[in-house]
Amino acid sequence: MRDLGAGLGFLIKGQRWVFGHGKWFGVGLLPGLITLVLYAGALVGLGYGADDLVAWATPFADDWSSPWLGLLRNTLTVLVFVLGLFLAVITFTAVTLLVGQPFYESLSEEVERTEGGTVPESGLPLWRELWISARDSVRVLVRVGLYTILLFALGFVPVAGQTVVPVIGFCVTGYFLAEELTAVALQRRGMVLKDRLALLRAHRMRTLGFGVPLGLVFMLPFVAVFLMPGAVAGATLLARGLVGDGEPDEEEPEDAGKGETAAEG
């Protein structure tokens with residue numbers, strides 16, 4: 001439980017950091033606002049065009065009598081919009097991080113600078129960092145999608161589907177959200193996706209303590225915009241703690257060493 005609390009503590013410290021450095025809060029806010037406007041435009045367009053899309057996809061129902069034609073197409077229209085909204089929620093963080101890569105990289109570097117010690121540098125050109133971020137985001141989203149399909153199927157299991165499965169779903173979301181956010185600092189240390197996942201697995205409870213509460217509030221993209229700068233700052237502090245550049249891991253020193261060994265391997 002202490003590790004869960006420690007993960008939450010990094011999240012809170014990150015929010016405090018950006019509110020104590022107003023300039024960087026503004027810098028970190030801009031990518032989220034841009035992404036929010038893009039997503040809002042896409043959802044409005046989907047709202048206006050969903051019925052036409054459904055009508056195009058269901059020509060076999062053109063001759064159906066009332067009320068079956070309306071019932072089918074209205075139901076499918078709602079499902080299309082709900083699916084679009086769901087995709088917007090699960091991809092919002094990844095797209096925002098991609099759009100804001102230079103902004104969040106600078107913010108993360110400033111956090112490390114104020115916390116003391118040397119600031120790691122990847123040595124890669126910006127276009128290469130953007131390519132790696134985009135590639136890894138797609139890989140993470142594929143993993144999330146597979147888990148989503150599995151959990152959706154398990155949701156039909158009586159009792160467990162309405163109790164245990166949603167909890168697991170939030171844990172999966174929080175875990176991968178933490179991965180995406182800590183990637184800003186860990187990529188600078190030369191860690192690829194496989195290494196980052198191994199490191200987070202070695203500190204699973206701390207990772208969930210950071211990612212699950214954030215995932216719950218990130219279900220509202222408008223809220224996510226304002227919390228994103230602090231989330232990046234907190235994830236940088238978390239990453240420093242996991243690799244031993246920040247606060248020492250008092251609870252699991254042996255596990256921490258295993259995590260670093262796995263990351264290096």
# chains A, B, ... in the order shown; residues from 1 in each chain; ligands from 1
call {"tool": "residues_around", "arguments": {"residues": "region 187-193 of chain A", "least_positions_apart": "4", "cutoff": "7 Å", "atoms": "only C-alpha atoms", "output": "ChimeraX atom specification"}}
result
/A:120-122,136,183,197
call {"tool": "write_last_selection", "arguments": {"atoms": "N, CA and C atoms", "output": "mmCIF file, in the first residue's frame"}}
result
data_model
loop_
_atom_site.group_PDB
_atom_site.id
_atom_site.type_symbol
_atom_site.label_atom_id
_atom_site.label_comp_id
_atom_site.auth_asym_id
_atom_site.auth_seq_id
_atom_site.Cartn_x
_atom_site.Cartn_y
_atom_site.Cartn_z
ATOM 1 N N PRO A 120 19.723 14.096 -18.589
ATOM 2 C CA PRO A 120 20.092 13.193 -19.691
ATOM 3 C C PRO A 120 19.642 13.749 -21.037
ATOM 4 N N GLU A 121 20.401 13.438 -22.069
ATOM 5 C CA GLU A 121 20.054 13.844 -23.428
ATOM 6 C C GLU A 121 20.089 12.622 -24.325
ATOM 7 N N SER A 122 19.062 12.508 -25.156
ATOM 8 C CA SER A 122 18.998 11.351 -26.053
ATOM 9 C C SER A 122 20.008 11.443 -27.187
ATOM 10 N N ASP A 136 5.968 3.955 -30.818
ATOM 11 C CA ASP A 136 5.697 3.343 -29.513
ATOM 12 C C ASP A 136 4.260 3.572 -29.080
ATOM 13 N N ALA A 183 7.540 7.804 -20.575
ATOM 14 C CA ALA A 183 8.373 7.638 -21.769
ATOM 15 C C ALA A 183 9.124 8.918 -22.110
ATOM 16 N N LEU A 197 8.709 -1.049 -20.224
ATOM 17 C CA LEU A 197 7.674 -1.924 -19.675
ATOM 18 C C LEU A 197 8.246 -2.841 -18.593
#
call {"tool": "closest_residue", "arguments": {"among": "A:Leu72, A:Val165, A:Ile12, A:Ala134", "to": "Pro229 (chain A)", "atoms": "only C-alpha atoms"}}
result
A:Ile12
call {"tool": "atom_distance", "arguments": {"atom1": "CA of Phe222 (chain A)", "atom2": "CA of Leu36 (chain A)"}}
result
7.2 Å
call {"tool": "residues_around", "arguments": {"residues": "region 78-86 of chain A", "least_positions_apart": "3", "cutoff": "12 Å", "atoms": "only C-alpha atoms", "output": "ChimeraX atom specification"}}
result
/A:39-40,42-55,57,70-75,89-92,145,148,219-221
call {"tool": "residues_around", "arguments": {"residues": "region 23-35 of chain A", "least_positions_apart": "3", "cutoff": "12 Å", "atoms": "only C-alpha atoms", "output": "compact mmCIF listing (two decimals) with N, CA, C and O atoms, in the first residue's frame"}}
result
# COMPACT_ATOMS: atom_id res chain seq x y z
N GLY A 14 3.89 16.44 -9.07
CA GLY A 14 3.96 16.99 -10.42
C GLY A 14 3.00 18.15 -10.61
O GLY A 14 3.35 19.17 -11.23
N GLN A 15 1.78 18.01 -10.09
CA GLN A 15 0.81 19.11 -10.20
C GLN A 15 1.30 20.33 -9.42
O GLN A 15 1.16 21.47 -9.88
N ARG A 16 1.87 20.09 -8.24
CA ARG A 16 2.41 21.21 -7.47
C ARG A 16 3.54 21.90 -8.21
O ARG A 16 3.66 23.13 -8.18
N TRP A 17 4.37 21.10 -8.88
CA TRP A 17 5.52 21.67 -9.58
C TRP A 17 5.07 22.64 -10.67
O TRP A 17 5.59 23.75 -10.75
N VAL A 18 4.12 22.24 -11.49
CA VAL A 18 3.72 23.12 -12.60
C VAL A 18 2.98 24.36 -12.09
O VAL A 18 3.11 25.44 -12.66
N PHE A 19 2.20 24.20 -11.03
CA PHE A 19 1.51 25.38 -10.50
C PHE A 19 2.48 26.32 -9.80
O PHE A 19 2.19 27.51 -9.65
N GLY A 20 3.63 25.79 -9.40
CA GLY A 20 4.67 26.65 -8.83
C GLY A 20 5.58 27.25 -9.89
O GLY A 20 6.42 28.10 -9.58
N LEU A 38 -8.94 19.81 -32.03
CA LEU A 38 -8.98 18.85 -33.14
C LEU A 38 -9.99 17.74 -32.89
O LEU A 38 -10.78 17.38 -33.78
N TYR A 39 -9.99 17.20 -31.68
CA TYR A 39 -10.91 16.13 -31.34
C TYR A 39 -12.35 16.62 -31.31
O TYR A 39 -13.27 15.92 -31.75
N ALA A 40 -12.56 17.83 -30.78
CA ALA A 40 -13.91 18.38 -30.74
C ALA A 40 -14.46 18.55 -32.15
O ALA A 40 -15.62 18.22 -32.43
N GLY A 41 -13.62 19.06 -33.07
CA GLY A 41 -14.04 19.20 -34.46
C GLY A 41 -14.38 17.86 -35.10
O GLY A 41 -15.37 17.74 -35.83
N ALA A 42 -13.54 16.85 -34.80
CA ALA A 42 -13.78 15.52 -35.36
C ALA A 42 -15.08 14.93 -34.82
O ALA A 42 -15.86 14.32 -35.58
N ALA A 88 -11.68 8.51 -28.90
CA ALA A 88 -11.12 9.82 -28.55
C ALA A 88 -10.52 9.79 -27.15
O ALA A 88 -9.44 10.34 -26.90
N VAL A 89 -11.21 9.15 -26.22
CA VAL A 89 -10.74 9.11 -24.84
C VAL A 89 -9.45 8.30 -24.71
O VAL A 89 -8.48 8.74 -24.08
N THR A 91 -7.23 7.55 -27.00
CA THR A 91 -6.10 8.01 -27.81
C THR A 91 -5.70 9.45 -27.47
O THR A 91 -4.68 9.92 -27.97
N PHE A 92 -6.47 10.13 -26.63
CA PHE A 92 -6.22 11.55 -26.37
C PHE A 92 -4.81 11.78 -25.83
O PHE A 92 -4.10 12.68 -26.30
N THR A 93 -4.41 10.99 -24.84
CA THR A 93 -3.09 11.20 -24.23
C THR A 93 -1.98 10.96 -25.24
O THR A 93 -1.03 11.75 -25.33
N ALA A 94 -2.08 9.87 -26.00
CA ALA A 94 -1.03 9.55 -26.97
C ALA A 94 -0.89 10.63 -28.02
O ALA A 94 0.22 11.04 -28.37
N VAL A 95 -2.03 11.12 -28.53
CA VAL A 95 -1.99 12.16 -29.56
C VAL A 95 -1.46 13.47 -28.97
O VAL A 95 -0.67 14.18 -29.61
N THR A 96 -1.88 13.80 -27.75
CA THR A 96 -1.40 15.03 -27.11
C THR A 96 0.10 14.98 -26.90
O THR A 96 0.81 15.96 -27.13
N LEU A 97 0.62 13.82 -26.45
CA LEU A 97 2.06 13.68 -26.26
C LEU A 97 2.81 13.80 -27.58
O LEU A 97 3.91 14.36 -27.63
N LEU A 98 2.22 13.27 -28.64
CA LEU A 98 2.86 13.36 -29.96
C LEU A 98 2.87 14.80 -30.46
O LEU A 98 3.91 15.31 -30.91
N VAL A 99 1.72 15.48 -30.35
CA VAL A 99 1.63 16.88 -30.77
C VAL A 99 2.57 17.75 -29.94
O VAL A 99 3.22 18.67 -30.46
N GLY A 100 2.63 17.46 -28.65
CA GLY A 100 3.40 18.31 -27.74
C GLY A 100 4.79 17.81 -27.42
O GLY A 100 5.37 18.25 -26.42
N GLN A 101 5.35 16.90 -28.22
CA GLN A 101 6.65 16.32 -27.91
C GLN A 101 7.71 17.37 -27.57
O GLN A 101 8.36 17.28 -26.53
N PRO A 102 7.91 18.40 -28.41
CA PRO A 102 8.95 19.39 -28.05
C PRO A 102 8.63 20.14 -26.76
O PRO A 102 9.52 20.43 -25.96
N PHE A 103 7.33 20.46 -26.54
CA PHE A 103 6.92 21.19 -25.34
C PHE A 103 7.15 20.34 -24.09
O PHE A 103 7.72 20.81 -23.09
N TYR A 104 6.69 19.10 -24.14
CA TYR A 104 6.81 18.23 -22.97
C TYR A 104 8.24 17.82 -22.71
O TYR A 104 8.64 17.59 -21.57
N GLU A 105 9.03 17.71 -23.77
CA GLU A 105 10.45 17.40 -23.60
C GLU A 105 11.13 18.53 -22.83
O GLU A 105 11.91 18.29 -21.89
N SER A 106 10.83 19.76 -23.21
CA SER A 106 11.42 20.92 -22.51
C SER A 106 10.94 20.99 -21.07
O SER A 106 11.71 21.28 -20.15
N LEU A 107 9.63 20.73 -20.86
CA LEU A 107 9.08 20.75 -19.50
C LEU A 107 9.75 19.69 -18.64
O LEU A 107 10.14 19.95 -17.49
N SER A 108 9.89 18.48 -19.18
CA SER A 108 10.50 17.39 -18.44
C SER A 108 11.95 17.69 -18.10
O SER A 108 12.42 17.41 -16.99
N GLU A 109 12.68 18.28 -19.05
CA GLU A 109 14.07 18.65 -18.80
C GLU A 109 14.17 19.69 -17.68
O GLU A 109 15.07 19.63 -16.85
N GLU A 110 13.23 20.63 -17.67
CA GLU A 110 13.25 21.67 -16.63
C GLU A 110 12.96 21.07 -15.26
O GLU A 110 13.55 21.49 -14.26
N VAL A 111 12.07 20.10 -15.20
CA VAL A 111 11.80 19.41 -13.93
C VAL A 111 13.08 18.75 -13.43
O VAL A 111 13.45 18.88 -12.25
N PHE A 218 -8.64 11.36 -16.41
CA PHE A 218 -8.39 11.56 -17.84
C PHE A 218 -9.53 11.05 -18.71
O PHE A 218 -9.52 11.24 -19.92
N PRO A 221 -11.63 14.41 -21.25
CA PRO A 221 -10.55 15.08 -21.97
C PRO A 221 -10.36 16.54 -21.58
O PRO A 221 -9.24 17.04 -21.56
N PHE A 222 -11.45 17.26 -21.26
CA PHE A 222 -11.32 18.67 -20.90
C PHE A 222 -10.50 18.80 -19.61
O PHE A 222 -9.66 19.69 -19.48
N VAL A 223 -10.74 17.89 -18.65
CA VAL A 223 -9.95 17.88 -17.42
C VAL A 223 -8.51 17.47 -17.73
O VAL A 223 -7.56 18.03 -17.16
N ALA A 224 -8.35 16.53 -18.64
CA ALA A 224 -7.02 16.04 -18.99
C ALA A 224 -6.14 17.16 -19.52
O ALA A 224 -4.92 17.17 -19.28
N VAL A 225 -6.72 18.11 -20.24
CA VAL A 225 -5.95 19.22 -20.79
C VAL A 225 -5.23 19.97 -19.67
O VAL A 225 -4.04 20.28 -19.77
N PHE A 226 -5.94 20.24 -18.59
CA PHE A 226 -5.38 21.05 -17.52
C PHE A 226 -4.47 20.25 -16.58
O PHE A 226 -3.62 20.83 -15.89
N LEU A 227 -4.64 18.94 -16.56
CA LEU A 227 -3.79 18.12 -15.71
C LEU A 227 -2.57 17.58 -16.44
O LEU A 227 -1.64 17.07 -15.81
N MET A 228 -2.56 17.68 -17.77
CA MET A 228 -1.47 17.10 -18.54
C MET A 228 -0.10 17.68 -18.20
O MET A 228 0.87 16.91 -18.02
N PRO A 229 0.08 18.99 -18.05
CA PRO A 229 1.41 19.49 -17.69
C PRO A 229 1.91 18.91 -16.38
O PRO A 229 3.07 18.48 -16.28
N GLY A 230 1.05 18.87 -15.37
CA GLY A 230 1.45 18.29 -14.09
C GLY A 230 1.68 16.79 -14.19
O GLY A 230 2.52 16.24 -13.46
N ALA A 231 0.92 16.12 -15.07
CA ALA A 231 1.10 14.68 -15.26
C ALA A 231 2.48 14.39 -15.85
O ALA A 231 3.16 13.43 -15.45
N VAL A 232 2.92 15.21 -16.80
CA VAL A 232 4.25 15.03 -17.39
C VAL A 232 5.33 15.31 -16.34
O VAL A 232 6.31 14.56 -16.23
N ALA A 233 5.13 16.36 -15.54
CA ALA A 233 6.10 16.68 -14.48
C ALA A 233 6.15 15.54 -13.46
O ALA A 233 7.23 15.10 -13.04
call {"tool": "select_by_dssp", "arguments": {"residues": "region 89-175 of chain A", "states": "helix (DSSP H, G or I)", "output": "MDAnalysis selection string"}}
result
chainID A and resid 89:99 101:115 126:154 160:175
call {"tool": "atom_distance", "arguments": {"atom1": "CA of Lys13 (chain A)", "atom2": "CA of Glu115 (chain A)"}}
result
11.8 Å
